[in-house]
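Below is one structure, written out as C-alpha cells; the observations come after it.
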Amino acid sequence: MGWNPGDDVIEVIRTPPPGAARGVYRAFRETTRGLKTTFGRILEGPVTVQYPEQKTPVYPRFRGRHKLHRFEDSHLEKCVGCSLCAAACPADCIRVVAAENTPENRVSAGERYAAVYEINLSRCIFCGYCEIACPFDAITMGHDYELSDYDRSDLIFTKEMLLAEPLERTPLRTEDE
Amino acid sequence: MTLAVVGYYEPWWIQILKAIVIFAVALGILPMVILYERKLLGRFQARYGPNRVGPFGLLQPLAEIIKLATKEQFRPSTSIGLLFRMAPVISIMTAVGALALVPFGNVQDIFGTPVGLYGIDVSIGPLYLFAFGAVAFYGIMLGGWASGSKYSFLGAMRGAAQLISYEVSQGLALLGVIFTAGTLSLTGIVHAQEGMWYCIPQFFGFLVFLIAGLAETNRTPFDLIEADAELVGGYFTEYGGTGFVAFMFAEYLNMLVLAGIVTAVFFGGWLLPLGIHPPGWVDPFVVLGKMFLFVTFFIWVRATLPRLRYDQLMSFGWKILLPLATLNALVTAVLVVVTH
C-alpha cells in the first residue's frame, strides 16, 4: 500500500525538460538570480575576522588554558596537593608532588601544599575534569587559547606559570553577542 | 601576392616602439588583473582576498611571480622534452599575437607623425584572431599530450573538443557584425559604430560571442580544460615554475584580448555614447575602462556559476549557441540585403 497524500497536495511543480525553450529561459533566470546573489555578498561586506589583530571573543564557560588560584585575603594557595585532579585527568597530563606546610613556610591553607604542580598542555584535552574534581576550586579552566610553541618542553606549564595572572589576551564575549 | 591589406601609417621604427609599448602595458596590467580577480572573488565570497603582502596585498602577484620563477625546473620522465617546453611558448606567443589586434584608439598625430593606437590594423581582423586562436590550441594540446600524464591528456582532449566547437559559434556570432559594418578591419568596425554600438542591434551575436569567448579563454563555467577539482590542473598539471607562469600569463592575456575584442566589436571601442568626443589621448583609457568592465563581468561569472558537465557543455555549444549564432547571421544578412 502506497502513501496517500490526501487532498492537501494540490499542485505538483515540475521542472521543464532541459533543452526546451522553457528550460533555456529557466537557465537564464537562474543564472541572473545567481549573479544577483553573489553581488549581494559584495554589498554585505566580508565577514572575515582578521585573526592575529582581531580575536574571536570566547564564551564565559570556554575551556582554555588552566589557572591556579590563591585566596584573595591571605594570598595563600588554594591547592592542597591532594592529586584528585591528576587522578581525574583522562589524558594523564597533571603531575602533583605534595609537601607538608610548616609554620615557617606556609604556602597553602591546608595541611599540605603542591610542591610541584605541572600540566603538560601538549597532552591536555581540555575536558575540564580537573576543575570538577578539585574540592577547593583551586584549578579552573581559563580563556586563553593561543597555546602554540616551538618546543614540546615549553608546553609543560609549572605552578608559577599557572598561578601567574594570565596575560588576558582573549576577549570575553558580552551577553548580547 | 598580398595575403591581407594592412593599414600602415608609420615608419618601421615606430611600429617596433608601438609593439614594445603595447606588450609592456599588457605585461604591467596582467599582475593587476590577477590581483583584482582574487580580491574581487574574495568580496563575492564575503571575504577579503589577499591583503597581507604589502599595503592592501598589492605585492601579492610580485611575491608569487618571484616564488614561481625561482622554482626548480624539472619535467616528468614520461614527457617529451622539446614539445613539453614548446607548449607554453606557443600559448604565450599566440596570446601576444592576438593582442596586436585590439584597437586602443584612432590614428593620432604624435609629434607630427600619424600613429595608429593599435598593434596592427589588418583587413582580415577576425580571421587573424581566429587563426591565432586555432594555433593556441596547439599550446594546450601539446602541453597536455607531451606531459605524458593521464590528467594532462584528459584536459587536452576536453580542450580540443571544447575549443573547436565553441570557435564555430564565436565565428558565426561575429558574422552579423561584419555584414552590418561591411568591413573586416577592427578599426573599421569601430568607425561603423558611430551611430549605435553593435551590442544593441546585434544583441544575440554579442551574447553568443561573449559566452563562446568565455569557453575559448577557459574561464568558468567552461573551465573543463583545467577542472582543478577533477583533473588536478588539466593540461598544465605537470608544469611548475616558469612553464606554469607562461600558461597562466597566456590565459589571462587571452581574457584581456577577449575583453578588448568585445569592446571593439560590440561596445564601440574608443567611442563614447551621447556624442561625447574627447581628445585623442583619452581613447586608450576609454578602451581600457571598457575592458575593465568586461574583466569584472568575467570575474563575477566565475564567482557565480559552477562548472558545466561535459555533455552539457557539448549540447549547449552545438544545440543552443550554434543555431542561435546561425539564425542571427541569417537574419542580419536578410535585413542588410533588404535595407540596402
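Residues in the C-alpha cells are numbered from 1 in each chain, the chains being A, B, ... in the order shown, and ligands are numbered from 1 in the order shown.
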Selection near Lys78 (chain A), 7 Å with only C-alpha atoms, sequence-local residues under 5 positions removed, as a PDB file with C-alpha atoms, in the first residue's frame:
```pdb
ATOM      1  CA  HIS A  69      44.098  30.356  42.309  1.00  0.00           C
ATOM      2  CA  ARG A  70      45.054  31.947  45.623  1.00  0.00           C
ATOM      3  CA  PHE A  71      42.803  33.171  48.410  1.00  0.00           C
ATOM      4  CA  SER A 108      48.555  26.803  51.250  1.00  0.00           C
ATOM      5  CA  ALA A 109      45.578  26.941  53.586  1.00  0.00           C
ATOM      6  CA  PHE A 136      38.781  23.643  46.748  1.00  0.00           C
ATOM      7  CA  ALA A 138      41.953  25.719  43.173  1.00  0.00           C
TER       8      ALA A 138
END
```
Where does DSSP see strand (DSSP E) in region 38-94 of chain A, if you list the residues as a ChimeraX atom specification? /A:66-68,94
If you count only C-alpha atoms, which residues fall within 9 Å of Ile261 (chain B), apart from same-chain ones fewer than 3 positions away, as a list in words?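 With the cut-off at 9 Å, the set is Leu101, Val102, Pro103, Leu186, Leu256, Val257, Leu258, Ala264, Val265, Phe266, Gly269 and Met291 of chain B.
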Looking only at the backbone, which of the residues in chain A does DSSP tag as helix (DSSP H, G or I), as a ChimeraX atom specification? /A:21-44,84-88,129-133,152-155,159-163
Fewer than 6 positions away in the same chain doesn't count, so skip those; otherwise give me all residues within 8 Å of Lys71 (chain B), counting only C-alpha atoms, as a count of residues only. 3
For the contact check between chain A and chain B, emit one row per residue of chain A within 7 Å, containing the shortest atom pair and the distance in Å rounded to one decimal, counting only C-alpha atoms, chain then rising number order, as JSON lines.
```
{"residue": "A:Gly34", "atom": "CA", "partner": "B:Thr304", "partner_atom": "CA", "distance": 5.9}
{"residue": "A:Leu35", "atom": "CA", "partner": "B:Thr304", "partner_atom": "CA", "distance": 5.8}
{"residue": "A:Thr38", "atom": "CA", "partner": "B:Phe44", "partner_atom": "CA", "distance": 5.4}
{"residue": "A:Phe39", "atom": "CA", "partner": "B:Phe44", "partner_atom": "CA", "distance": 6.4}
{"residue": "A:Arg41", "atom": "CA", "partner": "B:Phe44", "partner_atom": "CA", "distance": 5.3}
{"residue": "A:Ile42", "atom": "CA", "partner": "B:Arg43", "partner_atom": "CA", "distance": 5.2}
{"residue": "A:Gly45", "atom": "CA", "partner": "B:Ala46", "partner_atom": "CA", "distance": 5.8}
{"residue": "A:Pro46", "atom": "CA", "partner": "B:Ala46", "partner_atom": "CA", "distance": 4.0}
{"residue": "A:Val47", "atom": "CA", "partner": "B:Ala46", "partner_atom": "CA", "distance": 5.8}
{"residue": "A:Thr48", "atom": "CA", "partner": "B:Arg47", "partner_atom": "CA", "distance": 5.4}
```
For the selection just defined, write its residues with C-alpha atoms to a file, as a compact mmCIF listing (two decimals), in the first residue's frame.
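Once written, part_16.txt looks like this:
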```
# COMPACT_ATOMS: atom_id res chain seq x y z
CA GLY A 34 22.91 33.54 -9.06
CA LEU A 35 24.64 36.70 -10.27
CA THR A 38 26.94 36.83 -5.47
CA PHE A 39 26.64 40.60 -5.95
CA ARG A 41 27.80 39.36 -0.93
CA ILE A 42 29.81 42.39 -2.10
CA GLY A 45 30.97 43.07 3.00
CA PRO A 46 33.43 40.48 4.27
CA VAL A 47 32.70 38.50 7.42
CA THR A 48 36.37 37.59 7.88
```
Non-local contacts of region 111-123 of chain A (9 Å; only C-alpha atoms; under 3 positions in same chain excluded) as a ChimeraX atom specification: /A:65-66,77-83,91-102,106-108,126,147,152-153,155-160,162
Close residues, region 121-129 of chain B itself excluded, 9 Å, only C-alpha atoms, min 3 positions apart in chain, as number ranges by chain: B: 4-8, 97-103, 116, 118, 132-134, 171, 174, 183-188
Those residues with C-alpha atoms, as a PDB file, in the first residue's frame please?
```pdb
ATOM      1  CA  ALA B   4      45.947  40.947 -46.463  1.00  0.00           C
ATOM      2  CA  VAL B   5      45.909  44.692 -46.803  1.00  0.00           C
ATOM      3  CA  VAL B   6      47.480  46.291 -43.767  1.00  0.00           C
ATOM      4  CA  GLY B   7      46.761  49.907 -42.939  1.00  0.00           C
ATOM      5  CA  TYR B   8      50.209  51.213 -42.098  1.00  0.00           C
ATOM      6  CA  GLY B  97      49.952  37.931 -31.284  1.00  0.00           C
ATOM      7  CA  ALA B  98      46.204  38.272 -30.826  1.00  0.00           C
ATOM      8  CA  LEU B  99      46.792  41.256 -28.527  1.00  0.00           C
ATOM      9  CA  ALA B 100      48.210  43.178 -31.502  1.00  0.00           C
ATOM     10  CA  LEU B 101      44.734  43.271 -32.980  1.00  0.00           C
ATOM     11  CA  VAL B 102      42.983  45.095 -30.129  1.00  0.00           C
ATOM     12  CA  PRO B 103      42.391  48.694 -31.211  1.00  0.00           C
ATOM     13  CA  GLY B 116      47.587  54.216 -35.016  1.00  0.00           C
ATOM     14  CA  TYR B 118      46.837  49.601 -32.073  1.00  0.00           C
ATOM     15  CA  PHE B 132      45.803  32.769 -33.649  1.00  0.00           C
ATOM     16  CA  GLY B 133      43.062  31.174 -31.568  1.00  0.00           C
ATOM     17  CA  ALA B 134      43.437  27.998 -33.618  1.00  0.00           C
ATOM     18  CA  GLY B 171      32.933  32.979 -35.648  1.00  0.00           C
ATOM     19  CA  LEU B 174      30.855  37.845 -35.492  1.00  0.00           C
ATOM     20  CA  THR B 183      34.409  45.529 -43.254  1.00  0.00           C
ATOM     21  CA  LEU B 184      36.727  43.008 -41.627  1.00  0.00           C
ATOM     22  CA  SER B 185      39.058  45.613 -40.179  1.00  0.00           C
ATOM     23  CA  LEU B 186      38.520  46.069 -36.444  1.00  0.00           C
ATOM     24  CA  THR B 187      39.135  49.814 -36.600  1.00  0.00           C
ATOM     25  CA  GLY B 188      36.660  49.933 -39.487  1.00  0.00           C
TER      26      GLY B 188
END
```
For Glu167 (chain B), find every residue with an atom within 8 Å (counting only C-alpha atoms), except residues of its own chain fewer than 3 positions away, and show them as a PyMOL selection string. chain B and resi 130+163-164+170-171+212+216
